[in-house]
>>> print(open('query_24.pdb').read())   # PDB, C-alpha atoms
MODEL        1
ATOM      1  CA  MET A 822    -257.623 -20.461-110.710  1.00  0.00           C
ATOM      2  CA  GLU A 823    -260.976 -22.084-109.795  1.00  0.00           C
ATOM      3  CA  GLU A 824    -260.089 -21.892-106.091  1.00  0.00           C
ATOM      4  CA  ARG A 825    -259.299 -18.203-106.458  1.00  0.00           C
ATOM      5  CA  VAL A 826    -262.621 -17.565-108.207  1.00  0.00           C
ATOM      6  CA  ASP A 827    -264.432 -19.546-105.481  1.00  0.00           C
ATOM      7  CA  ASN A 828    -262.726 -17.458-102.801  1.00  0.00           C
ATOM      8  CA  MET A 829    -263.741 -14.268-104.563  1.00  0.00           C
ATOM      9  CA  ARG A 830    -267.268 -15.524-104.749  1.00  0.00           C
ATOM     10  CA  ASP A 831    -267.245 -16.476-101.046  1.00  0.00           C
ATOM     11  CA  GLN A 832    -265.986 -13.031-100.116  1.00  0.00           C
ATOM     12  CA  LYS A 833    -268.592 -11.247-102.220  1.00  0.00           C
ATOM     13  CA  ALA A 834    -271.316 -13.530-100.947  1.00  0.00           C
ATOM     14  CA  ALA A 835    -270.219 -12.867 -97.359  1.00  0.00           C
ATOM     15  CA  GLY A 836    -270.239  -9.157 -98.007  1.00  0.00           C
ATOM     16  CA  ASN A 837    -273.761  -9.369 -99.377  1.00  0.00           C
ATOM     17  CA  GLY A 838    -274.865 -11.590 -96.543  1.00  0.00           C
ATOM     18  CA  GLN A 839    -275.108 -14.548 -98.901  1.00  0.00           C
ATOM     19  CA  GLU A 840    -273.498 -17.937 -98.686  1.00  0.00           C
ATOM     20  CA  TYR A 841    -271.774 -19.383-101.724  1.00  0.00           C
ATOM     21  CA  ALA A 842    -271.378 -23.059-102.307  1.00  0.00           C
ATOM     22  CA  PRO A 843    -268.719 -24.506-104.549  1.00  0.00           C
ATOM     23  CA  GLY A 844    -270.080 -25.217-108.020  1.00  0.00           C
ATOM     24  CA  GLN A 845    -272.724 -22.517-107.663  1.00  0.00           C
ATOM     25  CA  ALA A 846    -273.168 -20.370-110.813  1.00  0.00           C
ATOM     26  CA  ALA A 847    -271.102 -17.144-110.885  1.00  0.00           C
ATOM     27  CA  LEU A 848    -272.794 -13.849-110.232  1.00  0.00           C
ATOM     28  CA  PRO A 849    -273.093 -11.334-113.120  1.00  0.00           C
ATOM     29  CA  GLU A 850    -270.591  -8.999-111.456  1.00  0.00           C
ATOM     30  CA  GLU A 851    -268.041 -11.787-111.177  1.00  0.00           C
ATOM     31  CA  GLU A 852    -268.505 -12.836-114.817  1.00  0.00           C
ATOM     32  CA  ALA A 853    -268.038  -9.235-115.948  1.00  0.00           C
ATOM     33  CA  GLU A 854    -264.814  -8.926-113.939  1.00  0.00           C
ATOM     34  CA  VAL A 855    -263.434 -12.156-115.341  1.00  0.00           C
ATOM     35  CA  GLU A 856    -264.324 -11.142-118.887  1.00  0.00           C
ATOM     36  CA  SER A 857    -262.692  -7.765-118.321  1.00  0.00           C
ATOM     37  CA  ARG A 858    -259.479  -9.435-117.165  1.00  0.00           C
ATOM     38  CA  VAL A 859    -259.539 -11.833-120.124  1.00  0.00           C
ATOM     39  CA  GLU A 860    -260.002  -8.923-122.534  1.00  0.00           C
ATOM     40  CA  ALA A 861    -257.124  -7.044-120.869  1.00  0.00           C
ATOM     41  CA  LEU A 862    -254.880 -10.092-121.210  1.00  0.00           C
ATOM     42  CA  ALA A 863    -255.909 -10.501-124.870  1.00  0.00           C
ATOM     43  CA  GLU A 864    -255.152  -6.848-125.565  1.00  0.00           C
ATOM     44  CA  ALA A 865    -251.784  -7.131-123.831  1.00  0.00           C
ATOM     45  CA  LEU A 866    -250.991 -10.267-125.857  1.00  0.00           C
ATOM     46  CA  ALA A 867    -251.989  -8.520-129.119  1.00  0.00           C
ATOM     47  CA  GLU A 868    -249.837  -5.523-128.234  1.00  0.00           C
ATOM     48  CA  ALA A 869    -246.916  -7.821-127.466  1.00  0.00           C
ATOM     49  CA  GLU A 870    -247.321  -9.636-130.791  1.00  0.00           C
ATOM     50  CA  GLN A 871    -247.520  -6.316-132.649  1.00  0.00           C
ATOM     51  CA  ALA A 872    -244.456  -5.042-130.841  1.00  0.00           C
ATOM     52  CA  GLN A 873    -242.609  -8.248-131.770  1.00  0.00           C
ATOM     53  CA  GLN A 874    -243.598  -7.855-135.436  1.00  0.00           C
ATOM     54  CA  GLU A 875    -242.458  -4.235-135.449  1.00  0.00           C
ATOM     55  CA  ALA A 876    -239.178  -5.242-133.813  1.00  0.00           C
ATOM     56  CA  GLU A 877    -238.626  -7.962-136.456  1.00  0.00           C
ATOM     57  CA  GLN A 878    -239.394  -5.455-139.220  1.00  0.00           C
ATOM     58  CA  LYS A 879    -236.921  -3.000-137.728  1.00  0.00           C
ATOM     59  CA  VAL A 880    -234.264  -5.727-137.462  1.00  0.00           C
ATOM     60  CA  ASP A 881    -234.862  -6.681-141.118  1.00  0.00           C
ATOM     61  CA  LEU A 882    -234.697  -3.030-142.176  1.00  0.00           C
ATOM     62  CA  ALA A 883    -231.499  -2.520-140.190  1.00  0.00           C
ATOM     63  CA  ALA A 884    -229.973  -5.616-141.838  1.00  0.00           C
ATOM     64  CA  ARG A 885    -230.813  -4.235-145.301  1.00  0.00           C
ATOM     65  CA  TYR A 886    -229.338  -0.859-144.408  1.00  0.00           C
ATOM     66  CA  LEU A 887    -226.196  -2.576-143.097  1.00  0.00           C
ATOM     67  CA  ASP A 888    -225.855  -4.658-146.272  1.00  0.00           C
ATOM     68  CA  ALA A 889    -226.285  -1.562-148.455  1.00  0.00           C
ATOM     69  CA  LEU A 890    -223.738   0.319-146.354  1.00  0.00           C
ATOM     70  CA  GLN A 891    -221.222  -2.517-146.633  1.00  0.00           C
ATOM     71  CA  ARG A 892    -221.707  -2.618-150.414  1.00  0.00           C
ATOM     72  CA  GLU A 893    -221.160   1.136-150.684  1.00  0.00           C
ATOM     73  CA  ARG A 894    -218.088   0.886-148.480  1.00  0.00           C
ATOM     74  CA  ALA A 895    -216.641  -1.912-150.642  1.00  0.00           C
ATOM     75  CA  SER A 896    -217.352   0.128-153.791  1.00  0.00           C
ATOM     76  CA  PHE A 897    -215.628   3.154-152.297  1.00  0.00           C
ATOM     77  CA  ILE A 898    -212.592   1.090-151.268  1.00  0.00           C
ATOM     78  CA  ASN A 899    -212.314  -0.332-154.799  1.00  0.00           C
ATOM     79  CA  TYR A 900    -212.714   3.151-156.278  1.00  0.00           C
ATOM     80  CA  ARG A 901    -210.007   4.549-154.015  1.00  0.00           C
ATOM     81  CA  ARG A 902    -207.639   1.704-154.872  1.00  0.00           C
ATOM     82  CA  ARG A 903    -208.240   2.240-158.593  1.00  0.00           C
ATOM     83  CA  ILE A 904    -207.571   5.971-158.288  1.00  0.00           C
ATOM     84  CA  GLU A 905    -204.395   5.332-156.279  1.00  0.00           C
ATOM     85  CA  GLN A 906    -203.227   2.812-158.878  1.00  0.00           C
ATOM     86  CA  GLU A 907    -203.923   5.248-161.720  1.00  0.00           C
ATOM     87  CA  ARG A 908    -202.039   8.006-159.908  1.00  0.00           C
ATOM     88  CA  ALA A 909    -199.116   5.670-159.267  1.00  0.00           C
ATOM     89  CA  GLU A 910    -199.026   4.753-162.969  1.00  0.00           C
ATOM     90  CA  GLU A 911    -199.203   8.421-163.915  1.00  0.00           C
ATOM     91  CA  ARG A 912    -196.221   9.172-161.676  1.00  0.00           C
ATOM     92  CA  GLN A 913    -194.393   6.116-162.998  1.00  0.00           C
ATOM     93  CA  TYR A 914    -194.866   7.072-166.630  1.00  0.00           C
ATOM     94  CA  ALA A 915    -194.834  10.856-166.225  1.00  0.00           C
ATOM     95  CA  ALA A 916    -191.469  11.099-167.987  1.00  0.00           C
ATOM     96  CA  SER A 917    -192.410   8.778-170.852  1.00  0.00           C
ATOM     97  CA  GLU A 918    -193.053  11.570-173.355  1.00  0.00           C
ATOM     98  CA  LEU A 919    -189.729  13.238-172.576  1.00  0.00           C
ATOM     99  CA  VAL A 920    -187.946   9.890-172.828  1.00  0.00           C
ATOM    100  CA  LYS A 921    -189.493   9.280-176.262  1.00  0.00           C
ATOM    101  CA  LYS A 922    -188.011  12.577-177.424  1.00  0.00           C
ATOM    102  CA  LEU A 923    -184.579  11.575-176.069  1.00  0.00           C
ATOM    103  CA  LEU A 924    -184.512   8.195-177.816  1.00  0.00           C
ATOM    104  CA  PRO A 925    -183.536   9.603-181.261  1.00  0.00           C
ATOM    105  CA  VAL A 926    -180.648  11.437-179.584  1.00  0.00           C
ATOM    106  CA  VAL A 927    -179.510   8.181-177.987  1.00  0.00           C
ATOM    107  CA  ASP A 928    -179.816   6.476-181.378  1.00  0.00           C
ATOM    108  CA  ASP A 929    -177.591   9.119-182.965  1.00  0.00           C
ATOM    109  CA  PHE A 930    -174.917   8.719-180.286  1.00  0.00           C
ATOM    110  CA  ASP A 931    -174.985   4.917-180.604  1.00  0.00           C
ATOM    111  CA  ARG A 932    -174.706   5.046-184.412  1.00  0.00           C
ATOM    112  CA  ALA A 933    -171.950   7.649-184.297  1.00  0.00           C
ATOM    113  CA  LEU A 934    -169.892   5.607-181.850  1.00  0.00           C
ATOM    114  CA  ALA A 935    -170.463   2.382-183.793  1.00  0.00           C
ATOM    115  CA  SER A 936    -169.182   4.016-187.003  1.00  0.00           C
ATOM    116  CA  ILE A 937    -165.859   5.163-185.496  1.00  0.00           C
ATOM    117  CA  PRO A 938    -162.986   2.909-186.653  1.00  0.00           C
ATOM    118  CA  GLU A 939    -161.100   1.107-183.930  1.00  0.00           C
ATOM    119  CA  GLU A 940    -157.792   2.797-184.801  1.00  0.00           C
ATOM    120  CA  VAL A 941    -159.404   6.224-184.367  1.00  0.00           C
ATOM    121  CA  ARG A 942    -161.056   5.175-181.117  1.00  0.00           C
ATOM    122  CA  ARG A 943    -157.758   4.465-179.314  1.00  0.00           C
ATOM    123  CA  ASN A 944    -156.470   7.289-177.091  1.00  0.00           C
ATOM    124  CA  ASN A 945    -158.826   9.823-178.642  1.00  0.00           C
ATOM    125  CA  PRO A 946    -160.176  12.349-176.112  1.00  0.00           C
ATOM    126  CA  TRP A 947    -162.983  13.343-178.450  1.00  0.00           C
ATOM    127  CA  VAL A 948    -164.212   9.753-178.771  1.00  0.00           C
ATOM    128  CA  GLU A 949    -163.854   9.228-175.031  1.00  0.00           C
ATOM    129  CA  GLY A 950    -166.018  12.313-174.444  1.00  0.00           C
ATOM    130  CA  MET A 951    -168.674  10.967-176.825  1.00  0.00           C
ATOM    131  CA  GLU A 952    -168.646   7.597-175.068  1.00  0.00           C
ATOM    132  CA  LEU A 953    -168.971   9.314-171.685  1.00  0.00           C
ATOM    133  CA  ILE A 954    -172.017  11.290-172.855  1.00  0.00           C
ATOM    134  CA  ALA A 955    -173.577   8.122-174.303  1.00  0.00           C
ATOM    135  CA  ARG A 956    -173.048   6.244-171.016  1.00  0.00           C
ATOM    136  CA  LYS A 957    -174.666   9.096-169.077  1.00  0.00           C
ATOM    137  CA  LEU A 958    -177.660   9.114-171.395  1.00  0.00           C
ATOM    138  CA  HIS A 959    -178.151   5.369-170.964  1.00  0.00           C
ATOM    139  CA  LYS A 960    -177.739   5.739-167.198  1.00  0.00           C
ATOM    140  CA  ILE A 961    -180.478   8.377-167.090  1.00  0.00           C
ATOM    141  CA  LEU A 962    -182.775   6.085-169.056  1.00  0.00           C
ATOM    142  CA  GLU A 963    -182.099   3.199-166.679  1.00  0.00           C
ATOM    143  CA  GLN A 964    -182.909   5.386-163.684  1.00  0.00           C
ATOM    144  CA  GLU A 965    -186.299   6.132-165.261  1.00  0.00           C
ATOM    145  CA  GLY A 966    -186.982   2.428-165.715  1.00  0.00           C
ATOM    146  CA  VAL A 967    -186.164   2.371-169.426  1.00  0.00           C
ATOM    147  CA  GLN A 968    -184.611  -0.802-170.810  1.00  0.00           C
ATOM    148  CA  PRO A 969    -183.762  -1.849-174.391  1.00  0.00           C
ATOM    149  CA  ILE A 970    -185.960  -4.559-175.900  1.00  0.00           C
ATOM    150  CA  GLU A 971    -184.168  -7.805-176.716  1.00  0.00           C
ATOM    151  CA  ALA A 972    -184.603  -8.483-180.399  1.00  0.00           C
ATOM    152  CA  LEU A 973    -181.691 -10.093-182.285  1.00  0.00           C
ATOM    153  CA  GLY A 974    -182.142 -13.861-182.413  1.00  0.00           C
ATOM    154  CA  GLN A 975    -185.448 -13.679-180.521  1.00  0.00           C
ATOM    155  CA  PRO A 976    -188.750 -15.089-181.775  1.00  0.00           C
ATOM    156  CA  PHE A 977    -190.673 -12.373-183.560  1.00  0.00           C
ATOM    157  CA  ASP A 978    -193.188 -10.701-181.252  1.00  0.00           C
ATOM    158  CA  PRO A 979    -195.443  -8.074-182.872  1.00  0.00           C
ATOM    159  CA  ASN A 980    -195.940  -6.489-179.452  1.00  0.00           C
ATOM    160  CA  LEU A 981    -192.197  -5.791-179.159  1.00  0.00           C
ATOM    161  CA  HIS A 982    -190.911  -5.823-182.722  1.00  0.00           C
ATOM    162  CA  GLU A 983    -191.828  -3.930-185.864  1.00  0.00           C
ATOM    163  CA  ALA A 984    -190.983  -5.954-188.963  1.00  0.00           C
ATOM    164  CA  VAL A 985    -189.800  -3.802-191.884  1.00  0.00           C
ATOM    165  CA  ALA A 986    -188.090  -6.597-193.843  1.00  0.00           C
ATOM    166  CA  PHE A 987    -188.850 -10.280-194.276  1.00  0.00           C
ATOM    167  CA  GLU A 988    -187.030 -13.329-195.663  1.00  0.00           C
ATOM    168  CA  ASP A 989    -188.559 -16.745-196.171  1.00  0.00           C
ATOM    169  CA  HIS A 990    -186.050 -19.613-196.054  1.00  0.00           C
ATOM    170  CA  THR A 991    -188.595 -22.391-195.873  1.00  0.00           C
ATOM    171  CA  ILE A 992    -188.682 -25.151-198.464  1.00  0.00           C
ATOM    172  CA  GLU A 993    -191.938 -25.403-200.342  1.00  0.00           C
ATOM    173  CA  GLY A 994    -193.821 -28.559-199.517  1.00  0.00           C
ATOM    174  CA  GLU A 995    -191.731 -29.291-196.410  1.00  0.00           C
ATOM    175  CA  ALA A 996    -194.019 -30.424-193.603  1.00  0.00           C
ATOM    176  CA  ARG A 997    -192.710 -28.854-190.424  1.00  0.00           C
ATOM    177  CA  GLU A 998    -193.485 -25.983-188.127  1.00  0.00           C
ATOM    178  CA  ARG A 999    -192.385 -22.550-189.322  1.00  0.00           C
ATOM    179  CA  THR A1000    -190.539 -20.163-187.009  1.00  0.00           C
ATOM    180  CA  ASP A1001    -190.157 -16.402-187.397  1.00  0.00           C
ATOM    181  CA  THR A1002    -186.940 -15.071-185.892  1.00  0.00           C
ATOM    182  CA  VAL A1003    -185.442 -11.590-185.716  1.00  0.00           C
ATOM    183  CA  SER A1004    -182.336 -11.773-187.884  1.00  0.00           C
ATOM    184  CA  GLU A1005    -181.359  -8.092-187.956  1.00  0.00           C
ATOM    185  CA  VAL A1006    -182.098  -4.963-185.908  1.00  0.00           C
ATOM    186  CA  PHE A1007    -182.337  -1.650-187.737  1.00  0.00           C
ATOM    187  CA  ARG A1008    -183.340   0.407-184.706  1.00  0.00           C
ATOM    188  CA  LYS A1009    -183.385  -0.455-181.027  1.00  0.00           C
ATOM    189  CA  GLY A1010    -186.659  -0.694-179.208  1.00  0.00           C
ATOM    190  CA  TYR A1011    -187.243   0.427-175.641  1.00  0.00           C
ATOM    191  CA  LYS A1012    -189.775  -0.221-172.913  1.00  0.00           C
ATOM    192  CA  MET A1013    -190.419   1.724-169.738  1.00  0.00           C
ATOM    193  CA  HIS A1014    -191.197  -0.608-166.842  1.00  0.00           C
ATOM    194  CA  ASN A1015    -193.768  -2.894-168.511  1.00  0.00           C
ATOM    195  CA  ARG A1016    -194.912  -0.483-171.215  1.00  0.00           C
ATOM    196  CA  VAL A1017    -193.420  -0.422-174.723  1.00  0.00           C
ATOM    197  CA  LEU A1018    -192.165   3.057-175.570  1.00  0.00           C
ATOM    198  CA  ARG A1019    -190.967   2.140-179.027  1.00  0.00           C
ATOM    199  CA  PRO A1020    -190.881  -1.277-180.728  1.00  0.00           C
ATOM    200  CA  ALA A1021    -187.639  -2.496-182.220  1.00  0.00           C
ATOM    201  CA  MET A1022    -187.445  -2.060-185.977  1.00  0.00           C
ATOM    202  CA  VAL A1023    -186.291  -5.448-187.277  1.00  0.00           C
ATOM    203  CA  LYS A1024    -185.862  -7.884-190.131  1.00  0.00           C
ATOM    204  CA  VAL A1025    -187.632 -11.214-189.749  1.00  0.00           C
ATOM    205  CA  THR A1026    -186.448 -14.507-191.204  1.00  0.00           C
ATOM    206  CA  ARG A1027    -188.752 -17.497-191.493  1.00  0.00           C
ATOM    207  CA  LYS A1028    -187.189 -20.955-191.348  1.00  0.00           C
TER     208      LYS A1028
ENDMDL
END
>>> encode(input="query_24.pdb", output="structure tokens")
Amino acid sequence: MEERVDNMRDQKAAGNGQEYAPGQAALPEEEAEVESRVEALAEALAEAEQAQQEAEQKVDLAARYLDALQRERASFINYRRRIEQERAEERQYAASELVKKLLPVVDDFDRALASIPEEVRRNNPWVEGMELIARKLHKILEQEGVQPIEALGQPFDPNLHEAVAFEDHTIEGEARERTDTVSEVFRKGYKMHNRVLRPAMVKVTRK
């Protein structure tokens, strides 16, 4: 850099008819030119730093926008899944109200068939017709995902069983765990898929 400045000085001195010796003080014109170049470099450096800061700010802003967009997208996906699940459940249980209305009819058929004596049941077209209708009704319920709730002999479950009678066979003062068991079923319970349509009406015995 010093050699270049010396050369510039030599050239200017030669142009002015002056000789310039190395180490000689710079002329005012040369100092002004050098200062001008330094100022230009400083301005360029400041502009570069400002541009870098603006670029970093834009990158940070873009990252925040991307994060917000990803959050909104995840929320929308969850919302869509929830709506699809609710619609699927609605389709699955759309017939539940109609099935509830059919259950008393099924109960009547089951009770009527259970009350027919065995000697009347044999070779009786009327009884066979009743049994056929009952089988068809149960088949329709099965196709809709309806299944009877197991009750007799099962541990009492208030989610599945409705206790309308109770017997306590425990011995007073006996130190052991008590168990509540369904000992009699007065009316069948039914569930549709995993939802209880009607709890079983039962008698509970504690032992």
>>> closest_residue(input="query_24.pdb", among="A:Pro976, A:Val967, A:Ala1021, A:His1014", to="Thr1000 in chain A", atoms="only C-alpha atoms")
A:Pro976
>>> residues_around(input="query_24.pdb", residues="Tyr914 in chain A", least_positions_apart="2", cutoff="12 Å", atoms="all atoms listed in the file", output="mmCIF file with C-alpha atoms, in the coordinates of the input")
data_model
loop_
_atom_site.group_PDB
_atom_site.id
_atom_site.type_symbol
_atom_site.label_atom_id
_atom_site.label_comp_id
_atom_site.auth_asym_id
_atom_site.auth_seq_id
_atom_site.Cartn_x
_atom_site.Cartn_y
_atom_site.Cartn_z
ATOM 1 C CA GLU A 907 -203.923 5.248 -161.720
ATOM 2 C CA ARG A 908 -202.039 8.006 -159.908
ATOM 3 C CA ALA A 909 -199.116 5.670 -159.267
ATOM 4 C CA GLU A 910 -199.026 4.753 -162.969
ATOM 5 C CA GLU A 911 -199.203 8.421 -163.915
ATOM 6 C CA ARG A 912 -196.221 9.172 -161.676
ATOM 7 C CA ALA A 916 -191.469 11.099 -167.987
ATOM 8 C CA SER A 917 -192.410 8.778 -170.852
ATOM 9 C CA GLU A 918 -193.053 11.570 -173.355
ATOM 10 C CA LEU A 919 -189.729 13.238 -172.576
ATOM 11 C CA VAL A 920 -187.946 9.890 -172.828
ATOM 12 C CA LYS A 921 -189.493 9.280 -176.262
ATOM 13 C CA GLU A 965 -186.299 6.132 -165.261
ATOM 14 C CA GLY A 966 -186.982 2.428 -165.715
ATOM 15 C CA VAL A 967 -186.164 2.371 -169.426
ATOM 16 C CA LYS A 1012 -189.775 -0.221 -172.913
ATOM 17 C CA MET A 1013 -190.419 1.724 -169.738
ATOM 18 C CA HIS A 1014 -191.197 -0.608 -166.842
ATOM 19 C CA ASN A 1015 -193.768 -2.894 -168.511
ATOM 20 C CA ARG A 1016 -194.912 -0.483 -171.215
ATOM 21 C CA VAL A 1017 -193.420 -0.422 -174.723
ATOM 22 C CA LEU A 1018 -192.165 3.057 -175.570
#
>>> closest_residue(input="query_24.pdb", among="A:Leu973, A:Ala869, A:Leu981, A:Leu862", to="Val1025 in chain A", atoms="only C-alpha atoms")
A:Leu973
>>> atom_distance(input="query_24.pdb", atom1="CA of Ala933 in chain A", atom2="CA of His982 in chain A")
23.3 Å
>>> atom_distance(input="query_24.pdb", atom1="CA of Lys1028 in chain A", atom2="CA of Asp978 in chain A")
15.6 Å
>>> atom_distance(input="query_24.pdb", atom1="CA of Leu924 in chain A", atom2="CA of Lys1009 in chain A")
9.3 Å
>>> resolve_selection(input="query_24.pdb", expression="the PyMOL selection byres ((chain A and resi 977) around 12)", output="PDB file with C-alpha atoms, in the frame of the given file")
ATOM      1  CA  ILE A 970    -185.960  -4.559-175.900  1.00  0.00           C
ATOM      2  CA  GLU A 971    -184.168  -7.805-176.716  1.00  0.00           C
ATOM      3  CA  ALA A 972    -184.603  -8.483-180.399  1.00  0.00           C
ATOM      4  CA  LEU A 973    -181.691 -10.093-182.285  1.00  0.00           C
ATOM      5  CA  GLY A 974    -182.142 -13.861-182.413  1.00  0.00           C
ATOM      6  CA  GLN A 975    -185.448 -13.679-180.521  1.00  0.00           C
ATOM      7  CA  PRO A 976    -188.750 -15.089-181.775  1.00  0.00           C
ATOM      8  CA  ASP A 978    -193.188 -10.701-181.252  1.00  0.00           C
ATOM      9  CA  PRO A 979    -195.443  -8.074-182.872  1.00  0.00           C
ATOM     10  CA  ASN A 980    -195.940  -6.489-179.452  1.00  0.00           C
ATOM     11  CA  LEU A 981    -192.197  -5.791-179.159  1.00  0.00           C
ATOM     12  CA  HIS A 982    -190.911  -5.823-182.722  1.00  0.00           C
ATOM     13  CA  GLU A 983    -191.828  -3.930-185.864  1.00  0.00           C
ATOM     14  CA  ALA A 984    -190.983  -5.954-188.963  1.00  0.00           C
ATOM     15  CA  VAL A 985    -189.800  -3.802-191.884  1.00  0.00           C
ATOM     16  CA  PHE A 987    -188.850 -10.280-194.276  1.00  0.00           C
ATOM     17  CA  ARG A 999    -192.385 -22.550-189.322  1.00  0.00           C
ATOM     18  CA  THR A1000    -190.539 -20.163-187.009  1.00  0.00           C
ATOM     19  CA  ASP A1001    -190.157 -16.402-187.397  1.00  0.00           C
ATOM     20  CA  THR A1002    -186.940 -15.071-185.892  1.00  0.00           C
ATOM     21  CA  VAL A1003    -185.442 -11.590-185.716  1.00  0.00           C
ATOM     22  CA  SER A1004    -182.336 -11.773-187.884  1.00  0.00           C
ATOM     23  CA  GLU A1005    -181.359  -8.092-187.956  1.00  0.00           C
ATOM     24  CA  VAL A1006    -182.098  -4.963-185.908  1.00  0.00           C
ATOM     25  CA  PRO A1020    -190.881  -1.277-180.728  1.00  0.00           C
ATOM     26  CA  ALA A1021    -187.639  -2.496-182.220  1.00  0.00           C
ATOM     27  CA  MET A1022    -187.445  -2.060-185.977  1.00  0.00           C
ATOM     28  CA  VAL A1023    -186.291  -5.448-187.277  1.00  0.00           C
ATOM     29  CA  LYS A1024    -185.862  -7.884-190.131  1.00  0.00           C
ATOM     30  CA  VAL A1025    -187.632 -11.214-189.749  1.00  0.00           C
ATOM     31  CA  THR A1026    -186.448 -14.507-191.204  1.00  0.00           C
ATOM     32  CA  ARG A1027    -188.752 -17.497-191.493  1.00  0.00           C
TER      33      ARG A1027
END
>>> closest_residue(input="query_24.pdb", among="A:Ile961, A:Ala883, A:Ile904, A:Ala863", to="Val927 in chain A", atoms="all atoms listed in the file")
A:Ile961
>>> closest_residue(input="query_24.pdb", among="A:Glu856, A:Glu952, A:Glu850, A:Asp928", to="Gly1010 in chain A", atoms="only C-alpha atoms")
A:Asp928
>>> closest_residue(input="query_24.pdb", among="A:Arg885, A:Arg942, A:Arg858, A:Arg1019", to="Leu923 in chain A", atoms="all atoms listed in the file")
A:Arg1019
